[in-house]
Each structure stands twice: as structure tokens, then as C-alpha cells.
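Coordinates as given in input26.txt (compact mmCIF, N, CA and C atoms):
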# COMPACT_ATOMS: atom_id res chain seq x y z
N MET A 37 -30.23 -76.52 95.54
CA MET A 37 -29.55 -75.69 94.56
C MET A 37 -29.31 -74.33 95.18
N GLU A 38 -28.11 -73.84 95.03
CA GLU A 38 -27.77 -72.55 95.60
C GLU A 38 -27.42 -71.60 94.47
N ILE A 39 -27.98 -70.41 94.52
CA ILE A 39 -27.70 -69.39 93.51
C ILE A 39 -26.78 -68.37 94.14
N ASN A 40 -25.62 -68.18 93.55
CA ASN A 40 -24.64 -67.26 94.12
C ASN A 40 -24.59 -65.92 93.41
N LYS A 41 -25.01 -65.88 92.15
CA LYS A 41 -24.93 -64.64 91.39
C LYS A 41 -26.26 -63.91 91.47
N ILE A 42 -26.20 -62.63 91.79
CA ILE A 42 -27.39 -61.78 91.83
C ILE A 42 -27.01 -60.48 91.15
N ASN A 43 -27.94 -59.95 90.34
CA ASN A 43 -27.66 -58.68 89.66
C ASN A 43 -27.25 -57.63 90.67
N SER A 44 -26.34 -56.75 90.26
CA SER A 44 -25.80 -55.77 91.19
C SER A 44 -26.89 -54.82 91.71
N THR A 45 -27.88 -54.50 90.90
CA THR A 45 -28.96 -53.62 91.34
C THR A 45 -29.74 -54.27 92.46
N ILE A 46 -30.09 -55.53 92.27
CA ILE A 46 -30.82 -56.26 93.30
C ILE A 46 -29.93 -56.44 94.52
N ASN A 47 -28.66 -56.74 94.30
CA ASN A 47 -27.72 -56.92 95.38
C ASN A 47 -27.62 -55.65 96.23
N THR A 48 -27.58 -54.52 95.58
CA THR A 48 -27.47 -53.25 96.28
C THR A 48 -28.74 -52.95 97.07
N GLU A 49 -29.90 -53.17 96.46
CA GLU A 49 -31.17 -52.85 97.10
C GLU A 49 -31.52 -53.79 98.25
N MET A 50 -31.33 -55.09 98.05
CA MET A 50 -31.80 -56.08 99.01
C MET A 50 -30.69 -56.63 99.89
N GLY A 51 -29.50 -56.68 99.38
CA GLY A 51 -28.42 -57.34 100.11
C GLY A 51 -28.53 -58.84 99.93
N THR A 52 -27.40 -59.51 100.10
CA THR A 52 -27.44 -60.96 99.90
C THR A 52 -27.00 -61.72 101.12
N SER A 53 -26.80 -61.05 102.22
CA SER A 53 -26.34 -61.73 103.43
C SER A 53 -27.45 -62.61 103.98
N ARG A 54 -27.12 -63.84 104.31
CA ARG A 54 -28.10 -64.77 104.86
C ARG A 54 -28.35 -64.49 106.34
N SER A 55 -27.45 -63.74 106.98
CA SER A 55 -27.60 -63.49 108.41
C SER A 55 -28.61 -62.38 108.70
N LYS A 56 -28.95 -61.59 107.71
CA LYS A 56 -29.92 -60.51 107.91
C LYS A 56 -31.31 -61.10 108.06
N THR A 57 -32.07 -60.56 109.02
CA THR A 57 -33.44 -61.03 109.23
C THR A 57 -34.46 -59.94 108.97
N SER A 58 -34.03 -58.80 108.48
CA SER A 58 -34.98 -57.71 108.23
C SER A 58 -35.87 -58.05 107.04
N SER A 59 -37.08 -57.50 107.06
CA SER A 59 -38.02 -57.77 105.97
C SER A 59 -37.71 -56.87 104.78
N PHE A 60 -38.17 -57.31 103.62
CA PHE A 60 -37.93 -56.57 102.38
C PHE A 60 -38.79 -55.33 102.34
N VAL A 61 -38.20 -54.20 101.99
CA VAL A 61 -38.92 -52.94 101.87
C VAL A 61 -38.69 -52.41 100.46
N LEU A 62 -39.77 -51.98 99.80
CA LEU A 62 -39.65 -51.44 98.45
C LEU A 62 -38.86 -50.14 98.48
N PRO A 63 -38.05 -49.88 97.45
CA PRO A 63 -37.37 -48.60 97.36
C PRO A 63 -38.40 -47.47 97.28
N GLN A 64 -38.01 -46.27 97.69
CA GLN A 64 -38.94 -45.14 97.72
C GLN A 64 -39.54 -44.83 96.35
N GLU A 65 -38.73 -44.97 95.30
CA GLU A 65 -39.24 -44.69 93.95
C GLU A 65 -40.38 -45.65 93.60
N THR A 66 -40.22 -46.91 93.96
CA THR A 66 -41.24 -47.92 93.68
C THR A 66 -42.47 -47.66 94.53
N GLN A 67 -42.30 -47.29 95.78
CA GLN A 67 -43.43 -46.99 96.64
C GLN A 67 -44.25 -45.84 96.08
N ALA A 68 -43.58 -44.81 95.52
CA ALA A 68 -44.29 -43.67 94.95
C ALA A 68 -45.12 -44.10 93.74
N VAL A 69 -44.57 -44.96 92.89
CA VAL A 69 -45.30 -45.45 91.72
C VAL A 69 -46.51 -46.26 92.14
N VAL A 70 -46.34 -47.12 93.14
CA VAL A 70 -47.44 -47.94 93.62
C VAL A 70 -48.52 -47.06 94.23
N ALA A 71 -48.14 -46.03 94.96
CA ALA A 71 -49.11 -45.14 95.60
C ALA A 71 -49.90 -44.34 94.56
N GLN A 72 -49.32 -44.04 93.40
CA GLN A 72 -49.98 -43.23 92.38
C GLN A 72 -50.87 -44.05 91.46
N LYS A 73 -50.82 -45.35 91.54
CA LYS A 73 -51.60 -46.20 90.64
C LYS A 73 -53.09 -45.98 90.88
N PRO A 74 -53.87 -45.63 89.85
CA PRO A 74 -55.30 -45.40 90.04
C PRO A 74 -56.03 -46.70 90.32
N GLN A 75 -57.15 -46.58 91.05
CA GLN A 75 -57.95 -47.77 91.32
C GLN A 75 -58.63 -48.21 90.04
N ALA A 76 -58.78 -49.51 89.91
CA ALA A 76 -59.43 -50.08 88.73
C ALA A 76 -60.92 -49.75 88.77
N GLU A 77 -61.48 -49.49 87.60
CA GLU A 77 -62.90 -49.23 87.52
C GLU A 77 -63.67 -50.53 87.52
N VAL A 78 -64.84 -50.49 88.11
CA VAL A 78 -65.70 -51.67 88.13
C VAL A 78 -66.48 -51.70 86.83
N SER A 79 -66.51 -52.85 86.19
CA SER A 79 -67.19 -52.98 84.91
C SER A 79 -68.69 -52.83 85.08
N ASP A 80 -69.36 -52.49 83.99
CA ASP A 80 -70.82 -52.35 84.01
C ASP A 80 -71.49 -53.67 84.37
N ASP A 81 -70.93 -54.78 83.89
CA ASP A 81 -71.49 -56.10 84.20
C ASP A 81 -71.43 -56.35 85.71
N CYS A 82 -70.31 -56.01 86.32
CA CYS A 82 -70.15 -56.22 87.75
C CYS A 82 -71.13 -55.34 88.54
N LYS A 83 -71.31 -54.10 88.09
CA LYS A 83 -72.28 -53.21 88.74
C LYS A 83 -73.69 -53.77 88.62
N LEU A 84 -74.04 -54.29 87.45
CA LEU A 84 -75.36 -54.86 87.23
C LEU A 84 -75.59 -56.07 88.13
N ILE A 85 -74.60 -56.93 88.24
CA ILE A 85 -74.71 -58.10 89.11
C ILE A 85 -74.87 -57.67 90.57
N ALA A 86 -74.07 -56.70 91.01
CA ALA A 86 -74.16 -56.23 92.38
C ALA A 86 -75.54 -55.62 92.66
N HIS A 87 -76.05 -54.88 91.71
CA HIS A 87 -77.38 -54.26 91.87
C HIS A 87 -78.48 -55.31 91.95
N ASN A 88 -78.35 -56.38 91.19
CA ASN A 88 -79.38 -57.42 91.13
C ASN A 88 -79.11 -58.61 92.05
N GLN A 89 -78.12 -58.51 92.91
CA GLN A 89 -77.74 -59.62 93.78
C GLN A 89 -78.90 -60.15 94.61
N PRO A 90 -79.74 -59.31 95.21
CA PRO A 90 -80.87 -59.86 96.00
C PRO A 90 -81.82 -60.71 95.15
N GLN A 91 -82.13 -60.26 93.94
CA GLN A 91 -83.01 -61.03 93.06
C GLN A 91 -82.33 -62.32 92.61
N LEU A 92 -81.04 -62.26 92.34
CA LEU A 92 -80.30 -63.45 91.93
C LEU A 92 -80.24 -64.47 93.06
N ALA A 93 -80.13 -64.00 94.29
CA ALA A 93 -80.07 -64.91 95.43
C ALA A 93 -81.37 -65.68 95.61
N GLU A 94 -82.49 -65.09 95.20
CA GLU A 94 -83.79 -65.74 95.35
C GLU A 94 -84.04 -66.79 94.26
N MET A 95 -83.34 -66.70 93.15
CA MET A 95 -83.55 -67.63 92.04
C MET A 95 -82.87 -68.97 92.32
N ASP A 96 -83.49 -70.04 91.82
CA ASP A 96 -82.86 -71.35 91.91
C ASP A 96 -81.65 -71.40 90.98
N ASP A 97 -80.65 -72.15 91.39
CA ASP A 97 -79.44 -72.30 90.57
C ASP A 97 -79.73 -73.09 89.30
N VAL A 98 -80.65 -74.04 89.39
CA VAL A 98 -80.96 -74.92 88.26
C VAL A 98 -82.48 -74.98 88.12
N ASP A 99 -82.95 -74.86 86.88
CA ASP A 99 -84.37 -75.00 86.59
C ASP A 99 -84.69 -76.50 86.50
N LEU A 100 -85.15 -77.05 87.63
CA LEU A 100 -85.36 -78.50 87.70
C LEU A 100 -86.46 -78.97 86.76
N ASP A 101 -87.46 -78.13 86.49
CA ASP A 101 -88.50 -78.50 85.52
C ASP A 101 -87.91 -78.66 84.12
N LYS A 102 -87.03 -77.73 83.75
CA LYS A 102 -86.38 -77.80 82.43
C LYS A 102 -85.49 -79.04 82.34
N VAL A 103 -84.77 -79.34 83.42
CA VAL A 103 -83.91 -80.52 83.44
C VAL A 103 -84.76 -81.78 83.25
N ALA A 104 -85.91 -81.84 83.92
CA ALA A 104 -86.79 -83.00 83.79
C ALA A 104 -87.32 -83.13 82.37
N GLN A 105 -87.66 -82.00 81.73
CA GLN A 105 -88.14 -82.03 80.34
C GLN A 105 -87.06 -82.55 79.40
N ILE A 106 -85.85 -82.05 79.57
CA ILE A 106 -84.74 -82.48 78.71
C ILE A 106 -84.44 -83.96 78.95
N ARG A 107 -84.42 -84.37 80.20
CA ARG A 107 -84.17 -85.77 80.52
C ARG A 107 -85.20 -86.68 79.84
N GLN A 108 -86.47 -86.28 79.93
CA GLN A 108 -87.53 -87.08 79.33
C GLN A 108 -87.40 -87.12 77.81
N SER A 109 -87.05 -85.98 77.20
CA SER A 109 -86.89 -85.96 75.74
C SER A 109 -85.71 -86.82 75.29
N LEU A 110 -84.66 -86.90 76.11
CA LEU A 110 -83.54 -87.79 75.79
C LEU A 110 -83.96 -89.25 75.90
N ILE A 111 -84.77 -89.54 76.89
CA ILE A 111 -85.23 -90.92 77.09
C ILE A 111 -86.12 -91.37 75.94
N ASP A 112 -87.06 -90.50 75.55
CA ASP A 112 -88.00 -90.92 74.50
C ASP A 112 -87.52 -90.61 73.09
N GLY A 113 -86.31 -90.02 72.95
CA GLY A 113 -85.73 -89.80 71.63
C GLY A 113 -86.25 -88.58 70.89
N SER A 114 -86.95 -87.69 71.58
CA SER A 114 -87.49 -86.50 70.91
C SER A 114 -86.61 -85.26 71.08
N PHE A 115 -85.45 -85.41 71.68
CA PHE A 115 -84.56 -84.27 71.89
C PHE A 115 -83.99 -83.82 70.55
N ASP A 116 -84.12 -82.52 70.25
CA ASP A 116 -83.67 -81.98 68.97
C ASP A 116 -82.77 -80.78 69.23
N ILE A 117 -81.64 -80.72 68.55
CA ILE A 117 -80.71 -79.60 68.69
C ILE A 117 -80.73 -78.79 67.40
N ASP A 118 -81.02 -77.50 67.53
CA ASP A 118 -80.98 -76.58 66.40
C ASP A 118 -79.61 -75.89 66.42
N ILE A 119 -78.70 -76.38 65.61
CA ILE A 119 -77.32 -75.88 65.60
C ILE A 119 -77.27 -74.40 65.24
N GLU A 120 -78.05 -73.97 64.27
CA GLU A 120 -78.06 -72.56 63.87
C GLU A 120 -78.50 -71.66 65.02
N GLN A 121 -79.51 -72.08 65.75
CA GLN A 121 -79.99 -71.30 66.89
C GLN A 121 -78.91 -71.25 67.99
N MET A 122 -78.22 -72.36 68.19
CA MET A 122 -77.15 -72.41 69.18
C MET A 122 -76.01 -71.47 68.78
N VAL A 123 -75.63 -71.49 67.51
CA VAL A 123 -74.56 -70.61 67.02
C VAL A 123 -74.95 -69.16 67.19
N ASP A 124 -76.18 -68.82 66.83
CA ASP A 124 -76.65 -67.44 66.97
C ASP A 124 -76.61 -66.99 68.43
N ALA A 125 -77.00 -67.86 69.35
CA ALA A 125 -76.98 -67.53 70.77
C ALA A 125 -75.56 -67.32 71.27
N ILE A 126 -74.63 -68.15 70.81
CA ILE A 126 -73.23 -68.00 71.21
C ILE A 126 -72.66 -66.69 70.69
N VAL A 127 -72.93 -66.39 69.42
CA VAL A 127 -72.41 -65.14 68.83
C VAL A 127 -73.02 -63.94 69.54
N GLN A 128 -74.31 -63.99 69.84
CA GLN A 128 -74.97 -62.88 70.52
C GLN A 128 -74.39 -62.70 71.93
N GLN A 129 -74.11 -63.79 72.60
CA GLN A 129 -73.62 -63.71 73.98
C GLN A 129 -72.16 -63.27 74.03
N HIS A 130 -71.34 -63.77 73.12
CA HIS A 130 -69.89 -63.55 73.20
C HIS A 130 -69.33 -62.68 72.10
N GLY A 131 -70.15 -62.26 71.18
CA GLY A 131 -69.68 -61.36 70.13
C GLY A 131 -69.00 -62.02 69.06
Output the file's structure in the form of C-alpha cells.
Amino acid sequence: MEINKINSTINTEMGTSRSKTSSFVLPQETQAVVAQKPQAEVSDDCKLIAHNQPQLAEMDDVDLDKVAQIRQSLIDGSFDIDIEQMVDAIVQQHG
């Protein structure tokens, strides 16, 4: 599929000749706006994780003892889910 129509602004800025091999350069006005953009702030959560990274690296990814307890309770039929407690935990965690 070939597109022949290009907006005149884009046509003026970039050109449409296929024989040109030069790379695209942002107009000076756009470069100034990009240069003035402030850096994003790091969230408190991200700072907390970065601060605690060494301790987090030492922790196991999965509590295998807890997994074994849950597996056994599923096998013997004693696994119980407290829906209200689960809902409260979700609301507390996610607002």
C-alpha cells in the first residue's frame, strides 16, 4: 500500500522524496520543548523498594513452608477461605 497524501506541515518539515537518505531531525521548537521537560519524580514506593533492595534480595521468592501447609490443607479438606478477611485485605492494599 502506498500513501501519496501527506499533510502540508509534515511535507514541509520532513519532505516526501524517497531519494533522500538523511535522518529525521526534530524542528527547533520541538527540541526546545523536549529539552525543557522536567524529569519525572520517583514515587515513594519506588524509593522504599530501592532502599530495601538488599533485604529483599535475601528473602525467598516463595514461602515453601506456607505452600506445603496450604497443599496439605487442600488434600485433607481443612482449607478455609474467609471472604470478609480477603475483601478487607484487598481494600487495605488497593484502596
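Atom N of Leu100 in chain A to CA of Ala125 in chain A spans 21.0 Å [interatomic distance, one decimal].
In this structure, CA of Phe115 in chain A sits 11.7 Å away from atom C of Lys102 in chain A.
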- Query: To one decimal place, how far is CA of Asp81 in chain A from CA of Gln129 in chain A in Å?
  - Reply: 12.9 Å
